[in-house]
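Everything on this sheet refers to the single structure shown next.
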Amino acid sequence: MKKYAIRRFIQLIPILLGITLLSFILTNIGTTDVIDTMESNQGVVMSEEEKDQLRQEIGLDKPLAQQYVIWLGNVLRGDMGESFVSGKDVFDTFISKLPATIYLTVTSIFLTVLISIPLGILSAVKQNKFLDYLIRFLSFIGNSLPNFFVSLLLIYFFSLKLKLLPVMGNNSGWKSIILPTLTLAIAMSSKYTRQVRATVLEELNKDYVQGARARGIRENKILTFSVLKASMLTIVTLLALSIGSLLGGTAIVESIFMWDGVGKMAVDAITMRDYPIIQAYVIWMAVIYVVVNLITDLIYHYLDPRIRLGQEEA
């Protein structure tokens, strides 16, 4: 297990390096001069001599390949530069936004699991009955509605009409998290309920389930200890994908609810052309997906003996 984890981690390093190289090149070949962007965002006026001096100070006069090596070395030491807009350290700015995104991720994942797994199993057990049709219909509706539309609906009913919850911001205690969590959980639960249903139905039609029923084992025990366990690979995959995207910051939802997380930070940085913040966000996304994929592979390796056997033979 340990050797497999190390081997998989080494295989993922070139992916991270490739993403950092691509993001650096795309950021530096833009038509807008970096110094002009800094001048515009910070509201200062600089002479051409001052601009040339600043280019030399931050290394923009060097070849692009050398700039990348210097930049990557600084990033590995935790130095991502300073924001073009605020002038603050990029790493400190990013870290300050991360807790809000993690908080939203945890609550959204928890609510999604709480909704989708029981409803998916119930829909499979009640196949082609009224309850099954109702769950499938609701999940279809929830999966069809875009997040921004769901956000506006929730704000209209719970904030403007009923006045139960705050409209936006994350400074109203636990009430602030409810609407953004519901927005994300509705979409994810709708999608995952259907996939859990399909996985459970596939398992219910297998021979080992029929054999367990023939031996008189109770249906609840079969579902809990056999079917659900066999479906864990699918559920783990769904959760891994969701965790990766949520930790990257859900830009639309965070912007609508003014949730001061990583996603809103990225949207603001793109709007203001704050390139150091954008680069930090790209690196974060790359690291998150690489780490999540690595953890998912390790969980697969642990849960499914067929995967371990195939790897040992290879």
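Quick note on naming: the chains in the structure tokens go A, B, ... in the order shown, residues restart at 1 in each chain, and ligands are numbered from 1 in order of appearance.
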Inset, instruction - Can you pull out every residue within 12 Å of range 286-292 of chain A, counting only C-alpha atoms, but drop anything in the same chain fewer than 4 positions away, and send it as an MDAnalysis selection string? - result: chainID A and resid 5 8:23 236:249 279:282 296:299
Inset, instruction - Based on DSSP run over this structure's backbone, return all residues of range 97-184 of chain A in helix (DSSP H, G or I), as a ChimeraX atom specification. - result: /A:97-125,130-144,147-161,173-184
Legend entry - Atom-to-atom span, CA of Ile186 in chain A and CA of Gly261 in chain A, Å: 20.0 Å
Inset, instruction - Pick out the residues sitting within 7 Å of range 61-76 of chain A, and hand them over as a list of chain:residue names; count only C-alpha atoms, and ignore anything fewer than 5 positions along from it in its own chain. - result: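 Once the nearby chain positions are removed, what remains is A:Phe24, A:Arg55, A:Gln56.
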Would you save the residues from that selection as a PDB file, in the first residue's frame, using N, CA and C atoms?
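Heads up, here's the output in out20.pdb:
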```pdb
ATOM      1  N   PHE A  24       1.449  29.756 -16.015  1.00  0.00           N
ATOM      2  CA  PHE A  24       2.420  30.852 -16.035  1.00  0.00           C
ATOM      3  C   PHE A  24       2.553  31.436 -17.437  1.00  0.00           C
ATOM      4  N   ARG A  55      10.128  46.732 -13.572  1.00  0.00           N
ATOM      5  CA  ARG A  55      10.256  45.487 -14.345  1.00  0.00           C
ATOM      6  C   ARG A  55      11.542  44.742 -13.964  1.00  0.00           C
ATOM      7  N   GLN A  56      12.605  45.490 -13.776  1.00  0.00           N
ATOM      8  CA  GLN A  56      13.873  44.861 -13.383  1.00  0.00           C
ATOM      9  C   GLN A  56      13.784  44.292 -11.968  1.00  0.00           C
TER      10      GLN A  56
END
```
Legend entry - Residue among A:Ile278, A:Val113, A:Lys126, A:Leu154 lying closest to Ser190 in chain A, counting only C-alpha atoms: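 So, comparing all the options, the nearest one is A:Val113.
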Inset, instruction - Return the single residue from A:Ala230, A:Ala251, A:Ile6, A:Leu184 that is closest to Leu111 in chain A, with distances computed using only C-alpha atoms. - result: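 Using only C-alpha atoms, Leu111 in chain A sits closest to A:Leu184.
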Inset, instruction - Using only C-alpha atoms, find the one residue out of A:Ala269, A:Ile177, A:Leu204, A:Ala185 that sits nearest to Ala100 in chain A. - result: A:Ile177
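Of the residues under consideration (A:Gln210, A:Ile141, A:Val227, A:Phe257), A:Phe257 shows the shortest atom-to-atom contact distance to Pro166 in chain A when counting only C-alpha atoms.
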Legend entry - Selected residue, from A:Ile277, A:Val262, A:Met188, A:Ile256, that lies nearest to Met168 in chain A when counting only C-alpha atoms: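 For Met168 in chain A, the nearest of the candidates is A:Ile256.
Of note, CA of Asp268 in chain A and CA of Leu26 in chain A are spaced 18.4 Å apart.
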Inset, instruction - Grab the CA of Arg194 in chain A to CA of Gly120 in chain A distance for me, in Å with one decimal place. - result: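 About the pair CA of Arg194 in chain A and CA of Gly120 in chain A: they are 6.2 Å apart.
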Legend entry - Distance query Ser255 in chain A at most 10 Å, only C-alpha atoms, self and fewer than 2 positions along chain excluded, as a list in words: Phe148, Met168, Gly169, Thr250, Ala251, Ile252, Val253, Phe257, Met258, Trp259, Asp260, Gly261, Gly263, Lys264, Met265, Ala266, Val267 and Asp268 of chain A
Print the selection's residues with N, CA, C and O atoms to a file, as a CSV table (one decimal), in the first residue's frame.
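out.csv, freshly written:
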```csv
chain,number,residue,atom,x,y,z
A,148,PHE,N,-27.4,29.3,-10.2
A,148,PHE,CA,-27.7,30.7,-10.0
A,148,PHE,C,-29.2,30.9,-9.9
A,148,PHE,O,-29.7,31.7,-9.1
A,168,MET,N,-27.2,37.6,2.1
A,168,MET,CA,-25.8,37.3,1.6
A,168,MET,C,-24.8,37.6,2.8
A,168,MET,O,-25.2,38.1,3.8
A,169,GLY,N,-23.6,37.2,2.5
A,169,GLY,CA,-22.5,37.4,3.5
A,169,GLY,C,-22.4,36.2,4.4
A,169,GLY,O,-23.2,35.4,4.5
A,250,THR,N,-16.9,27.4,-5.3
A,250,THR,CA,-18.0,27.4,-6.3
A,250,THR,C,-18.2,28.9,-6.6
A,250,THR,O,-18.9,29.6,-5.8
A,251,ALA,N,-17.6,29.3,-7.7
A,251,ALA,CA,-17.6,30.8,-8.0
A,251,ALA,C,-18.9,31.4,-8.0
A,251,ALA,O,-19.1,32.5,-7.5
A,252,ILE,N,-19.9,30.8,-8.7
A,252,ILE,CA,-21.2,31.4,-8.9
A,252,ILE,C,-21.9,31.6,-7.6
A,252,ILE,O,-22.4,32.6,-7.2
A,253,VAL,N,-22.0,30.5,-6.8
A,253,VAL,CA,-22.7,30.5,-5.6
A,253,VAL,C,-22.0,31.5,-4.6
A,253,VAL,O,-22.7,32.2,-3.9
A,257,PHE,N,-24.0,34.9,-3.1
A,257,PHE,CA,-24.3,35.0,-1.7
A,257,PHE,C,-23.2,35.9,-1.0
A,257,PHE,O,-23.2,36.0,0.3
A,258,MET,N,-22.2,36.4,-1.8
A,258,MET,CA,-21.1,37.2,-1.2
A,258,MET,C,-20.4,36.4,-0.1
A,258,MET,O,-20.1,37.0,0.9
A,259,TRP,N,-20.2,35.1,-0.4
A,259,TRP,CA,-19.5,34.3,0.6
A,259,TRP,C,-18.0,34.4,0.3
A,259,TRP,O,-17.5,34.1,-0.7
A,260,ASP,N,-17.4,34.9,1.3
A,260,ASP,CA,-16.0,35.4,1.1
A,260,ASP,C,-15.0,34.2,1.1
A,260,ASP,O,-14.2,34.0,2.1
A,261,GLY,N,-15.1,33.4,0.1
A,261,GLY,CA,-14.3,32.2,0.0
A,261,GLY,C,-13.3,32.3,-1.2
A,261,GLY,O,-13.2,33.3,-1.9
A,263,GLY,N,-13.6,30.8,-4.2
A,263,GLY,CA,-14.3,31.1,-5.5
A,263,GLY,C,-14.6,32.5,-5.8
A,263,GLY,O,-14.3,33.0,-6.9
A,264,LYS,N,-15.1,33.2,-4.8
A,264,LYS,CA,-15.3,34.7,-5.0
A,264,LYS,C,-14.0,35.4,-5.2
A,264,LYS,O,-14.0,36.4,-5.9
A,265,MET,N,-13.0,35.0,-4.4
A,265,MET,CA,-11.7,35.6,-4.6
A,265,MET,C,-11.2,35.5,-6.0
A,265,MET,O,-10.7,36.4,-6.6
A,266,ALA,N,-11.4,34.3,-6.6
A,266,ALA,CA,-11.0,34.1,-8.0
A,266,ALA,C,-11.7,34.9,-9.0
A,266,ALA,O,-11.2,35.5,-9.9
A,267,VAL,N,-13.1,35.0,-8.8
A,267,VAL,CA,-13.9,35.9,-9.7
A,267,VAL,C,-13.4,37.3,-9.6
A,267,VAL,O,-13.3,38.0,-10.6
A,268,ASP,N,-13.2,37.8,-8.4
A,268,ASP,CA,-12.7,39.2,-8.2
A,268,ASP,C,-11.4,39.4,-8.9
A,268,ASP,O,-11.1,40.5,-9.5
```
Legend entry - Pick from A:Gly216, A:Lys88, A:Arg197, A:Phe149 nearest to Tyr133 in chain A, counting only C-alpha atoms: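 Once distances to Tyr133 in chain A are computed over only C-alpha atoms, the minimum belongs to A:Arg197.
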